[in-house]
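> What follows is a single structure, and I will ask about it in a moment.
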Amino acid sequence: MIDSPTENEQMDSETGPHGVAAPTESATTGAGGRLARRMVDSPEIGIIIALIVAFVVFSLKNPLFASVSDLQAPLGIDLAGFGILAIGESFAIITGGIDLSVGSLVAFFCVFSAWLNVTAHVPVVFTFILTIAIGALWGLWHGMLITRLGVAPFVVTLVTFIFAAGADEAIAPNPISISSGTFLAVASSKVLGIPIAVIIFLIIGIAAWIFLERTYMGRQLYAVGGNREAARLSGIRIDRRVVLAYVVSGACAAVVGLLEASRLTSGTADSVSGWELIAIASCVIGGVSLVGGQGRLIGVVAGAALLVVLQDGLVAVNVNAYYQRMVVGVVLLIAIVIDRFRVRRIERSARRAIRPDRAPGQVS
Amino acid sequence: MVAGREELLLAGVRKTYGPATVLDLDHLRLEGGQVVCLIGENGAGKSTLMGVINGSVEPDAGTLTLSGEPLSGGTLQAQAQGVAMVSQEFPLVGQLTVAENLLLGQRASDRKLFVDGKAMHAAAERMLEAIGLDVPTRRRVDSLSVAQRQMLEIAKALGRNPRVLILDEPTSALGPAESEHVLQLARELAARGGIAIFVGHRLNEVRSVGDRMVVLRNGRLVADLTPQEATEDRLVREMVGKELAQIVEVPPAPDAEPLLEVHGLETENFGPIDLTVGSGEIVGVAGLMGSGRSTLLHLLLGARRTTAGEMTLAGEAYHPRDTSEGVEAGVGLVPEDRKAQALLLDSPIRWNITLAVLKRISVRGLFLQRRPERRIAAEMVKTVNVKCQTAEQPARSLSGGNQQRMIFGRWIATRPKLLLLDEPTRGVDVGAKAEIYKLIEEERKKGMAIVVASSELEELLELCHRIVVLKHGRIAAHFDRASFSKERIIAAAAFGAPS
């Protein structure tokens, strides 16, 4: 129901009309219109449309791009890597922080896992477990420095970014070839036509979605990013939530390191430069606010998918490699501009909804 | 230095914010050679008047003249004409040195582009010497104590050779010797013909320093007294006025069963405090700014660590190590600063309401269920009467009063045993205020114990069964409803002991 306009109190001067939902509109339009409205208002809609458009365009230019084998690799494998990394990154960003270390950590764990398996003769299963555990521990270290010492997340993870970039070279100046069939199967084998790496990505994606949307800890993660002090005074253990976010981010980087090692069939350090920026860009394109407290997993995954489709699509239509980064930059810009327009449109309707001199029904 | 005697004239100065007139002065003449004390309750218009004089507040009407020249056009203009103000929050740049702060915005020599270090430090040392502050000019300001920063701020103001010097509670951060020195500096400035305006809450100090006492109430000048006329009683009476001393409605006496018992509660610069709150009882916490009102509430929730003391809640030992333990034990806090400490502005109303019960309504210790969560949100929206179309709209789209009630809903949803309210009606309008009072009374009737801290005395007088008055982190006085008196509470907050 619509409240009568007189029931809407005049806003206090301190509450600026920057609402992000347009409550009145859904109430005034029909059921079909309501769904359409909700889709238009959902922050992820632009990015999903862009994803579809990009995919269709590349497929028309080069039909092979949409073929089953291309969807499996490179598209599927690349999406698994970028996607998992972006999911981990989004946890850190949702708490209002940032994790700059993930790119370097992927390179590090790529080399480290190969070293464990090949040089140190650790069985494959234990290599995987150890690698992911160390990734999580590394995240724990970040989280502890951030919460206990109050160091800025940017700085803490910058230290790792630099350190890990050297550490991988120190472990193995030359690529370590992996011969274990189990190790290599992660990137090369398929179940029901779906690469195992993609299945891992789907499992992580669903788990992360359930955590963020359907658990109290996930909600508290948003609360910590939205307003730290409010979260604390509401009885939330904010330090634990922040630490958890960096643990997830570190573990995700380790998983992606394993995938890379498997894909490249060797532990080598130089394939992943700039991945932390791609992870952050995926989040931003997908509607995760860098201030914290906002953003959904579906957007993050769509953001990563768009970047993968662009990267691989440009290759498929024979565009020179160095244009790719430029295109990614432009896409990022467009995503940000579109998002600003969307927020502004909603702000306007929220303002009209609140102003008592106009009936909410007049909106739209 | 100043030649002759300065004269500051204010004629017909008025300032309104919306419907509220915060300052309305027909005529005020301040002369050089005097230390003028400006006195009034919170919200009496003192800050606005200081702001008008130093140019940070533009009056809606009226004129200011300083020794014949009109005074208008913002803070820079006022500074150029010789108005200097020492405020309570020090606008010093912590990362810069003492000397750099002292000469911020000024040049120590004629060099145009580069800083003349030697001249700067020499000038700074002269300024420090003049007020008797002994700190190296190359020290960074953020390594100084609060008292030293206060003195530095005064040095900075005096360094401008002001004709009018405004001191806003300059001694609240200082020890007795430093306070005396500052008061001496104010007198010296006056003796040279300048105007010293001293704003203070410690009435005995005000009486000892001032040559003249100007009392404001509700934005108007209500008394202009000589030190002889300004007895303690007279000052309090003028500040309070006569019309508001009576109590409107007496809430029913609560059962005496104590729910919260506090013995010897202490933290840094606070306590020891003893306090008992019964179930169904509302206890008010009064006190001046910085007296420790919020600190007390934060200690009770577990938002700050205690260094000593025993607490029991509903018969059980209660020692919260963090807010999570406090909330779990059945304590809730509606904090002082809604925006900074309570709201998730861009999240839905539902998220805001269920924030403190999330863990409790999760199944298998982790998973949130949508239906119970929506039900709680809808229930609370109704209970506390949040005017919205849906609980899914962002908190930002609500007015201040609705936001505040929503935060009440957050805590009522937890069914707390003890509810702590810090400035529960700050920044809400009169109608919303009445609704919040009604809510408080309803929850009290259900047996909740409530502690309200407020800077509005009327609020406490209306709501509470008992009032404790804090001063410097200790309980200075304790009033039962039968003995409520605005005069005595103000006197206790300002002087310490009940008169």
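In the structure tokens, chains take the letters A, B, ... in the order shown, each chain's residues start at 1, and ligands count up from 1 in the order shown.
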Which chain B residues have any atom within 7 Å of an atom of chain A, and for each, what is the nearest pair of atoms with distance in Å to one decimal, counting only C-alpha atoms, rows sorted by chain and number, as a tab-separated table?


residue	atom	partner	partner_atom	distance
B:Ala303	CA	A:Leu233	CA	6.7
B:Thr323	CA	A:Gly235	CA	4.5
B:Ser324	CA	A:Gly235	CA	3.8
B:Val327	CA	A:Gly235	CA	5.5
B:Ala340	CA	A:Glu229	CA	7.0
B:Gln341	CA	A:Ala230	CA	4.3
B:Ala342	CA	A:Ala230	CA	4.3
B:Leu343	CA	A:Ala230	CA	6.3
B:Leu344	CA	A:Gly226	CA	5.7
B:Asp346	CA	A:Gly19	CA	6.8
B:Leu355	CA	A:Ser234	CA	6.7
B:Ala356	CA	A:Ser234	CA	5.1
B:Leu358	CA	A:Tyr216	CA	5.5
B:Lys359	CA	A:Tyr216	CA	5.8
B:Ser362	CA	A:Tyr216	CA	6.6
B:Leu366	CA	A:Thr215	CA	5.4
B:Phe367	CA	A:Thr215	CA	4.2
B:Leu368	CA	A:Thr215	CA	4.8
B:Lys387	CA	A:Asn8	CA	6.7
B:Gln389	CA	A:Ile2	CA	6.3
B:Thr390	CA	A:Pro23	CA	6.9
B:Gln393	CA	A:Ala21	CA	5.7
B:Pro394	CA	A:Gly19	CA	5.9
B:Arg396	CA	A:Gly19	CA	5.4
B:Ser397	CA	A:Gly19	CA	5.1
B:Ser399	CA	A:Met11	CA	4.3
B:Gly400	CA	A:Asp12	CA	5.4

> Report the distance between CA of Ser455 in chain B and CA of Leu288 in chain B in Å, rounded to one decimal place.

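Going from CA of Ser455 in chain B over to CA of Leu288 in chain B, I get 7.2 Å.
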
> Hey, what does DSSP flag as helix (DSSP H, G or I) within range 413-493 of chain B? Can you give it to me as number ranges by chain?

B: 430-445, 457-463, 481-483, 486-493

> If you count only C-alpha atoms, which residues fall within 6 Å of range 143-154 of chain A, apart from same-chain ones fewer than 6 positions away, as a list in words?

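The residues that qualify are Gly97, Ile98, Asp239, Val243 and Tyr246 of chain A.
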
> Just the residues within 12 Å of Leu258 in chain A, please, counting only C-alpha atoms, with nothing from its chain fewer than 2 positions along; format it as a PDB file with N, CA and C atoms, in the first residue's frame.


ATOM      1  N   ALA A  80      37.133 -19.589 -14.637  1.00  0.00           N
ATOM      2  CA  ALA A  80      37.361 -20.203 -13.329  1.00  0.00           C
ATOM      3  C   ALA A  80      38.429 -19.415 -12.561  1.00  0.00           C
ATOM      4  N   GLY A  81      39.527 -19.109 -13.228  1.00  0.00           N
ATOM      5  CA  GLY A  81      40.622 -18.384 -12.566  1.00  0.00           C
ATOM      6  C   GLY A  81      40.214 -16.990 -12.124  1.00  0.00           C
ATOM      7  N   ILE A  84      37.181 -17.057  -9.455  1.00  0.00           N
ATOM      8  CA  ILE A  84      37.506 -17.413  -8.064  1.00  0.00           C
ATOM      9  C   ILE A  84      38.287 -16.268  -7.397  1.00  0.00           C
ATOM     10  N   LEU A  85      39.226 -15.699  -8.150  1.00  0.00           N
ATOM     11  CA  LEU A  85      40.024 -14.610  -7.590  1.00  0.00           C
ATOM     12  C   LEU A  85      39.142 -13.402  -7.242  1.00  0.00           C
ATOM     13  N   LEU A 105      50.147 -13.535  -5.121  1.00  0.00           N
ATOM     14  CA  LEU A 105      49.954 -14.802  -4.427  1.00  0.00           C
ATOM     15  C   LEU A 105      49.623 -15.926  -5.407  1.00  0.00           C
ATOM     16  N   VAL A 106      48.849 -15.616  -6.451  1.00  0.00           N
ATOM     17  CA  VAL A 106      48.554 -16.634  -7.454  1.00  0.00           C
ATOM     18  C   VAL A 106      49.868 -17.133  -8.066  1.00  0.00           C
ATOM     19  N   ALA A 107      50.727 -16.191  -8.454  1.00  0.00           N
ATOM     20  CA  ALA A 107      52.017 -16.562  -9.035  1.00  0.00           C
ATOM     21  C   ALA A 107      52.830 -17.373  -8.033  1.00  0.00           C
ATOM     22  N   PHE A 108      52.826 -16.919  -6.782  1.00  0.00           N
ATOM     23  CA  PHE A 108      53.591 -17.616  -5.759  1.00  0.00           C
ATOM     24  C   PHE A 108      53.098 -19.047  -5.584  1.00  0.00           C
ATOM     25  N   PHE A 109      51.777 -19.204  -5.449  1.00  0.00           N
ATOM     26  CA  PHE A 109      51.250 -20.547  -5.186  1.00  0.00           C
ATOM     27  C   PHE A 109      51.344 -21.445  -6.417  1.00  0.00           C
ATOM     28  N   CYS A 110      51.339 -20.855  -7.588  1.00  0.00           N
ATOM     29  CA  CYS A 110      51.553 -21.612  -8.813  1.00  0.00           C
ATOM     30  C   CYS A 110      52.928 -22.279  -8.754  1.00  0.00           C
ATOM     31  N   VAL A 111      53.931 -21.502  -8.411  1.00  0.00           N
ATOM     32  CA  VAL A 111      55.298 -22.023  -8.310  1.00  0.00           C
ATOM     33  C   VAL A 111      55.434 -22.935  -7.094  1.00  0.00           C
ATOM     34  N   PHE A 112      54.887 -22.481  -5.969  1.00  0.00           N
ATOM     35  CA  PHE A 112      55.038 -23.205  -4.714  1.00  0.00           C
ATOM     36  C   PHE A 112      54.416 -24.606  -4.799  1.00  0.00           C
ATOM     37  N   SER A 113      53.231 -24.691  -5.412  1.00  0.00           N
ATOM     38  CA  SER A 113      52.561 -25.997  -5.478  1.00  0.00           C
ATOM     39  C   SER A 113      53.354 -26.943  -6.371  1.00  0.00           C
ATOM     40  N   ALA A 114      53.895 -26.399  -7.458  1.00  0.00           N
ATOM     41  CA  ALA A 114      54.720 -27.233  -8.332  1.00  0.00           C
ATOM     42  C   ALA A 114      55.973 -27.695  -7.587  1.00  0.00           C
ATOM     43  N   TRP A 115      56.540 -26.782  -6.847  1.00  0.00           N
ATOM     44  CA  TRP A 115      57.744 -27.118  -6.070  1.00  0.00           C
ATOM     45  C   TRP A 115      57.441 -28.208  -5.038  1.00  0.00           C
ATOM     46  N   LEU A 116      56.314 -28.042  -4.333  1.00  0.00           N
ATOM     47  CA  LEU A 116      55.912 -29.037  -3.336  1.00  0.00           C
ATOM     48  C   LEU A 116      55.801 -30.413  -3.977  1.00  0.00           C
ATOM     49  N   ASN A 117      55.074 -30.445  -5.099  1.00  0.00           N
ATOM     50  CA  ASN A 117      54.759 -31.726  -5.724  1.00  0.00           C
ATOM     51  C   ASN A 117      55.973 -32.347  -6.408  1.00  0.00           C
ATOM     52  N   VAL A 124      50.054 -35.369  -4.504  1.00  0.00           N
ATOM     53  CA  VAL A 124      49.208 -34.320  -5.083  1.00  0.00           C
ATOM     54  C   VAL A 124      48.136 -33.837  -4.100  1.00  0.00           C
ATOM     55  N   VAL A 125      47.439 -34.779  -3.470  1.00  0.00           N
ATOM     56  CA  VAL A 125      46.353 -34.390  -2.573  1.00  0.00           C
ATOM     57  C   VAL A 125      46.876 -33.491  -1.456  1.00  0.00           C
ATOM     58  N   THR A 127      49.590 -31.755  -1.553  1.00  0.00           N
ATOM     59  CA  THR A 127      50.018 -30.495  -2.168  1.00  0.00           C
ATOM     60  C   THR A 127      48.849 -29.519  -2.222  1.00  0.00           C
ATOM     61  N   PHE A 128      47.694 -30.033  -2.666  1.00  0.00           N
ATOM     62  CA  PHE A 128      46.521 -29.164  -2.757  1.00  0.00           C
ATOM     63  C   PHE A 128      46.117 -28.648  -1.372  1.00  0.00           C
ATOM     64  N   ILE A 129      46.038 -29.581  -0.421  1.00  0.00           N
ATOM     65  CA  ILE A 129      45.600 -29.188   0.923  1.00  0.00           C
ATOM     66  C   ILE A 129      46.569 -28.180   1.529  1.00  0.00           C
ATOM     67  N   LEU A 130      47.877 -28.474   1.412  1.00  0.00           N
ATOM     68  CA  LEU A 130      48.884 -27.586   1.992  1.00  0.00           C
ATOM     69  C   LEU A 130      48.838 -26.197   1.356  1.00  0.00           C
ATOM     70  N   THR A 131      48.741 -26.185   0.040  1.00  0.00           N
ATOM     71  CA  THR A 131      48.738 -24.912  -0.676  1.00  0.00           C
ATOM     72  C   THR A 131      47.562 -24.040  -0.237  1.00  0.00           C
ATOM     73  N   ILE A 132      46.373 -24.651  -0.190  1.00  0.00           N
ATOM     74  CA  ILE A 132      45.186 -23.872   0.192  1.00  0.00           C
ATOM     75  C   ILE A 132      45.291 -23.440   1.657  1.00  0.00           C
ATOM     76  N   GLY A 135      47.581 -20.564   1.863  1.00  0.00           N
ATOM     77  CA  GLY A 135      46.864 -19.385   1.355  1.00  0.00           C
ATOM     78  C   GLY A 135      45.963 -18.792   2.426  1.00  0.00           C
ATOM     79  N   ILE A 178      55.378 -30.010 -14.269  1.00  0.00           N
ATOM     80  CA  ILE A 178      54.569 -30.921 -13.464  1.00  0.00           C
ATOM     81  C   ILE A 178      54.252 -32.145 -14.307  1.00  0.00           C
ATOM     82  N   THR A 182      47.205 -36.434 -11.953  1.00  0.00           N
ATOM     83  CA  THR A 182      46.132 -35.903 -11.132  1.00  0.00           C
ATOM     84  C   THR A 182      46.190 -34.384 -11.100  1.00  0.00           C
ATOM     85  N   PHE A 183      47.406 -33.868 -10.928  1.00  0.00           N
ATOM     86  CA  PHE A 183      47.593 -32.426 -10.871  1.00  0.00           C
ATOM     87  C   PHE A 183      47.118 -31.781 -12.182  1.00  0.00           C
ATOM     88  N   LEU A 184      47.560 -32.350 -13.277  1.00  0.00           N
ATOM     89  CA  LEU A 184      47.241 -31.757 -14.580  1.00  0.00           C
ATOM     90  C   LEU A 184      45.767 -31.922 -14.953  1.00  0.00           C
ATOM     91  N   ALA A 185      45.123 -32.930 -14.352  1.00  0.00           N
ATOM     92  CA  ALA A 185      43.726 -33.193 -14.692  1.00  0.00           C
ATOM     93  C   ALA A 185      42.805 -32.039 -14.300  1.00  0.00           C
ATOM     94  N   VAL A 186      43.204 -31.275 -13.286  1.00  0.00           N
ATOM     95  CA  VAL A 186      42.351 -30.187 -12.801  1.00  0.00           C
ATOM     96  C   VAL A 186      41.976 -29.250 -13.948  1.00  0.00           C
ATOM     97  N   ALA A 187      42.966 -28.936 -14.798  1.00  0.00           N
ATOM     98  CA  ALA A 187      42.673 -28.007 -15.890  1.00  0.00           C
ATOM     99  C   ALA A 187      42.282 -28.730 -17.167  1.00  0.00           C
ATOM    100  N   ALA A 197      38.085 -27.542 -13.474  1.00  0.00           N
ATOM    101  CA  ALA A 197      38.329 -26.199 -12.938  1.00  0.00           C
ATOM    102  C   ALA A 197      37.031 -25.396 -12.851  1.00  0.00           C
ATOM    103  N   ILE A 200      35.008 -26.586  -9.949  1.00  0.00           N
ATOM    104  CA  ILE A 200      35.540 -26.003  -8.696  1.00  0.00           C
ATOM    105  C   ILE A 200      35.046 -24.567  -8.536  1.00  0.00           C
ATOM    106  N   ALA A 251      42.838 -17.859   0.558  1.00  0.00           N
ATOM    107  CA  ALA A 251      42.574 -19.231   0.143  1.00  0.00           C
ATOM    108  C   ALA A 251      42.186 -19.269  -1.336  1.00  0.00           C
ATOM    109  N   CYS A 252      41.372 -18.314  -1.773  1.00  0.00           N
ATOM    110  CA  CYS A 252      40.977 -18.262  -3.182  1.00  0.00           C
ATOM    111  C   CYS A 252      42.193 -18.059  -4.080  1.00  0.00           C
ATOM    112  N   ALA A 253      43.112 -17.197  -3.642  1.00  0.00           N
ATOM    113  CA  ALA A 253      44.327 -16.973  -4.432  1.00  0.00           C
ATOM    114  C   ALA A 253      45.120 -18.273  -4.551  1.00  0.00           C
ATOM    115  N   ALA A 254      45.161 -19.047  -3.473  1.00  0.00           N
ATOM    116  CA  ALA A 254      45.884 -20.324  -3.506  1.00  0.00           C
ATOM    117  C   ALA A 254      45.228 -21.290  -4.497  1.00  0.00           C
ATOM    118  N   VAL A 255      43.893 -21.346  -4.472  1.00  0.00           N
ATOM    119  CA  VAL A 255      43.171 -22.229  -5.397  1.00  0.00           C
ATOM    120  C   VAL A 255      43.488 -21.838  -6.841  1.00  0.00           C
ATOM    121  N   VAL A 256      43.463 -20.541  -7.115  1.00  0.00           N
ATOM    122  CA  VAL A 256      43.749 -20.078  -8.472  1.00  0.00           C
ATOM    123  C   VAL A 256      45.199 -20.380  -8.844  1.00  0.00           C
ATOM    124  N   GLU A 260      46.317 -22.470 -12.108  1.00  0.00           N
ATOM    125  CA  GLU A 260      47.296 -21.957 -13.072  1.00  0.00           C
ATOM    126  C   GLU A 260      48.410 -22.963 -13.300  1.00  0.00           C
ATOM    127  N   ALA A 261      48.893 -23.535 -12.199  1.00  0.00           N
ATOM    128  CA  ALA A 261      49.968 -24.525 -12.326  1.00  0.00           C
ATOM    129  C   ALA A 261      49.511 -25.679 -13.210  1.00  0.00           C
ATOM    130  N   SER A 262      48.262 -26.098 -12.976  1.00  0.00           N
ATOM    131  CA  SER A 262      47.723 -27.214 -13.745  1.00  0.00           C
ATOM    132  C   SER A 262      47.547 -26.822 -15.214  1.00  0.00           C
ATOM    133  N   ARG A 263      47.051 -25.624 -15.454  1.00  0.00           N
ATOM    134  CA  ARG A 263      46.803 -25.168 -16.821  1.00  0.00           C
ATOM    135  C   ARG A 263      48.110 -25.033 -17.602  1.00  0.00           C
ATOM    136  N   LEU A 264      49.134 -24.469 -16.943  1.00  0.00           N
ATOM    137  CA  LEU A 264      50.406 -24.224 -17.611  1.00  0.00           C
ATOM    138  C   LEU A 264      51.293 -25.461 -17.597  1.00  0.00           C
ATOM    139  N   THR A 265      50.841 -26.507 -16.916  1.00  0.00           N
ATOM    140  CA  THR A 265      51.601 -27.737 -16.687  1.00  0.00           C
ATOM    141  C   THR A 265      52.970 -27.489 -16.068  1.00  0.00           C
ATOM    142  N   SER A 266      53.125 -26.332 -15.474  1.00  0.00           N
ATOM    143  CA  SER A 266      54.386 -26.083 -14.765  1.00  0.00           C
ATOM    144  C   SER A 266      54.214 -24.933 -13.787  1.00  0.00           C
ATOM    145  N   GLY A 267      55.110 -24.903 -12.814  1.00  0.00           N
ATOM    146  CA  GLY A 267      55.111 -23.787 -11.879  1.00  0.00           C
ATOM    147  C   GLY A 267      55.943 -22.663 -12.439  1.00  0.00           C
ATOM    148  N   THR A 268      55.272 -21.622 -12.914  1.00  0.00           N
ATOM    149  CA  THR A 268      56.016 -20.522 -13.518  1.00  0.00           C
ATOM    150  C   THR A 268      55.401 -19.203 -13.084  1.00  0.00           C
TER     151      THR A 268
END

> Would you mind writing down, as a PyMOL selection string, each residue of range 132-258 of chain B that DSSP on the backbone assigns to strand (DSSP E or B)?

chain B and resi 140+164-168+195-199+212-217+220-225+258

> Give me, please, the distance in Å between CA of Met239 in chain B and CA of Ser47 in chain B, quoted to one decimal.

15.1 Å

> If you count only C-alpha atoms, which residues fall within 7 Å of Gly409 in chain B, apart from same-chain ones fewer than 6 positions away, as an MDAnalysis selection string?

chainID B and resid 353 380 384

> By how many Å are CA of Asn174 in chain A and CA of Val122 in chain A apart?

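Distance between the two atoms: 19.4 Å.
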
> Give me the residues within 12 Å of range 60-63 of chain A as a list in words, counting only C-alpha atoms and dropping any in the same chain fewer than 2 places off.

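The filter keeps Val53, Ala54, Phe55, Val56, Val57, Phe58, Phe65, Ala66, Ser67, Val68, Ser69, Asp70, Leu71, Asp312, Gly313, Leu314, Val315, Ala316, Val317, Asn318 and Val319 of chain A.
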
> As an mmCIF file with N, CA, C and O atoms, in the first residue's frame, please: the residues near Leu297 in chain A (cut-off 10 Å, only C-alpha atoms, same-chain neighbours under 4 positions excluded).


data_model
loop_
_atom_site.group_PDB
_atom_site.id
_atom_site.type_symbol
_atom_site.label_atom_id
_atom_site.label_comp_id
_atom_site.auth_asym_id
_atom_site.auth_seq_id
_atom_site.Cartn_x
_atom_site.Cartn_y
_atom_site.Cartn_z
ATOM 1 N N GLU A 44 23.114 -5.076 -11.151
ATOM 2 C CA GLU A 44 23.879 -5.983 -12.016
ATOM 3 C C GLU A 44 23.354 -6.012 -13.443
ATOM 4 O O GLU A 44 23.965 -6.622 -14.312
ATOM 5 N N ALA A 86 38.201 -13.110 -8.151
ATOM 6 C CA ALA A 86 37.315 -11.960 -7.920
ATOM 7 C C ALA A 86 36.397 -12.209 -6.723
ATOM 8 O O ALA A 86 36.109 -11.294 -5.951
ATOM 9 N N ILE A 87 35.956 -13.449 -6.553
ATOM 10 C CA ILE A 87 35.092 -13.764 -5.411
ATOM 11 C C ILE A 87 35.844 -13.502 -4.102
ATOM 12 O O ILE A 87 35.336 -12.854 -3.187
ATOM 13 N N SER A 90 36.223 -9.865 -3.522
ATOM 14 C CA SER A 90 34.981 -9.178 -3.136
ATOM 15 C C SER A 90 34.752 -9.271 -1.625
ATOM 16 O O SER A 90 34.208 -8.347 -1.022
ATOM 17 N N PHE A 91 35.180 -10.358 -1.009
ATOM 18 C CA PHE A 91 35.032 -10.459 0.450
ATOM 19 C C PHE A 91 35.787 -9.325 1.136
ATOM 20 O O PHE A 91 35.275 -8.668 2.037
ATOM 21 N N GLY A 205 31.696 -20.593 -6.051
ATOM 22 C CA GLY A 205 30.723 -19.523 -6.271
ATOM 23 C C GLY A 205 29.447 -19.748 -5.482
ATOM 24 O O GLY A 205 28.946 -18.834 -4.812
ATOM 25 N N ILE A 206 28.937 -20.978 -5.511
ATOM 26 C CA ILE A 206 27.693 -21.270 -4.791
ATOM 27 C C ILE A 206 27.919 -21.157 -3.282
ATOM 28 O O ILE A 206 27.111 -20.565 -2.562
ATOM 29 N N ALA A 208 30.109 -19.314 -1.776
ATOM 30 C CA ALA A 208 30.261 -17.897 -1.421
ATOM 31 C C ALA A 208 28.901 -17.199 -1.437
ATOM 32 O O ALA A 208 28.602 -16.369 -0.570
ATOM 33 N N TRP A 209 28.070 -17.573 -2.420
ATOM 34 C CA TRP A 209 26.745 -16.951 -2.496
ATOM 35 C C TRP A 209 25.943 -17.285 -1.248
ATOM 36 O O TRP A 209 25.336 -16.419 -0.624
ATOM 37 N N ILE A 210 25.947 -18.584 -0.884
ATOM 38 C CA ILE A 210 25.202 -18.995 0.315
ATOM 39 C C ILE A 210 25.742 -18.242 1.529
ATOM 40 O O ILE A 210 24.981 -17.718 2.339
ATOM 41 N N LEU A 212 27.313 -15.312 1.733
ATOM 42 C CA LEU A 212 27.020 -13.874 1.757
ATOM 43 C C LEU A 212 25.531 -13.583 1.905
ATOM 44 O O LEU A 212 25.128 -12.659 2.594
ATOM 45 N N GLU A 213 24.695 -14.391 1.258
ATOM 46 C CA GLU A 213 23.266 -14.067 1.215
ATOM 47 C C GLU A 213 22.452 -14.789 2.284
ATOM 48 O O GLU A 213 21.365 -14.354 2.635
ATOM 49 N N CYS A 283 35.080 -6.768 -9.479
ATOM 50 C CA CYS A 283 34.201 -6.364 -8.377
ATOM 51 C C CYS A 283 33.539 -5.026 -8.679
ATOM 52 O O CYS A 283 32.324 -4.868 -8.522
ATOM 53 N N GLY A 286 31.058 -5.232 -11.327
ATOM 54 C CA GLY A 286 29.908 -5.978 -10.845
ATOM 55 C C GLY A 286 29.112 -5.278 -9.762
ATOM 56 O O GLY A 286 28.203 -5.863 -9.200
ATOM 57 N N GLY A 287 29.458 -4.039 -9.450
ATOM 58 C CA GLY A 287 28.640 -3.253 -8.530
ATOM 59 C C GLY A 287 29.052 -3.343 -7.066
ATOM 60 O O GLY A 287 28.292 -2.958 -6.183
ATOM 61 N N VAL A 288 30.252 -3.818 -6.779
ATOM 62 C CA VAL A 288 30.725 -3.826 -5.389
ATOM 63 C C VAL A 288 31.315 -2.459 -5.078
ATOM 64 O O VAL A 288 32.198 -1.987 -5.785
ATOM 65 N N VAL A 301 30.654 -12.161 -10.272
ATOM 66 C CA VAL A 301 30.872 -13.229 -11.253
ATOM 67 C C VAL A 301 30.612 -12.696 -12.661
ATOM 68 O O VAL A 301 31.381 -12.968 -13.596
ATOM 69 N N ALA A 302 29.538 -11.904 -12.819
ATOM 70 C CA ALA A 302 29.244 -11.342 -14.135
ATOM 71 C C ALA A 302 30.372 -10.409 -14.580
ATOM 72 O O ALA A 302 30.749 -10.382 -15.754
ATOM 73 N N GLY A 303 30.922 -9.660 -13.640
ATOM 74 C CA GLY A 303 32.037 -8.756 -13.951
ATOM 75 C C GLY A 303 33.245 -9.534 -14.446
ATOM 76 O O GLY A 303 33.868 -9.180 -15.460
#
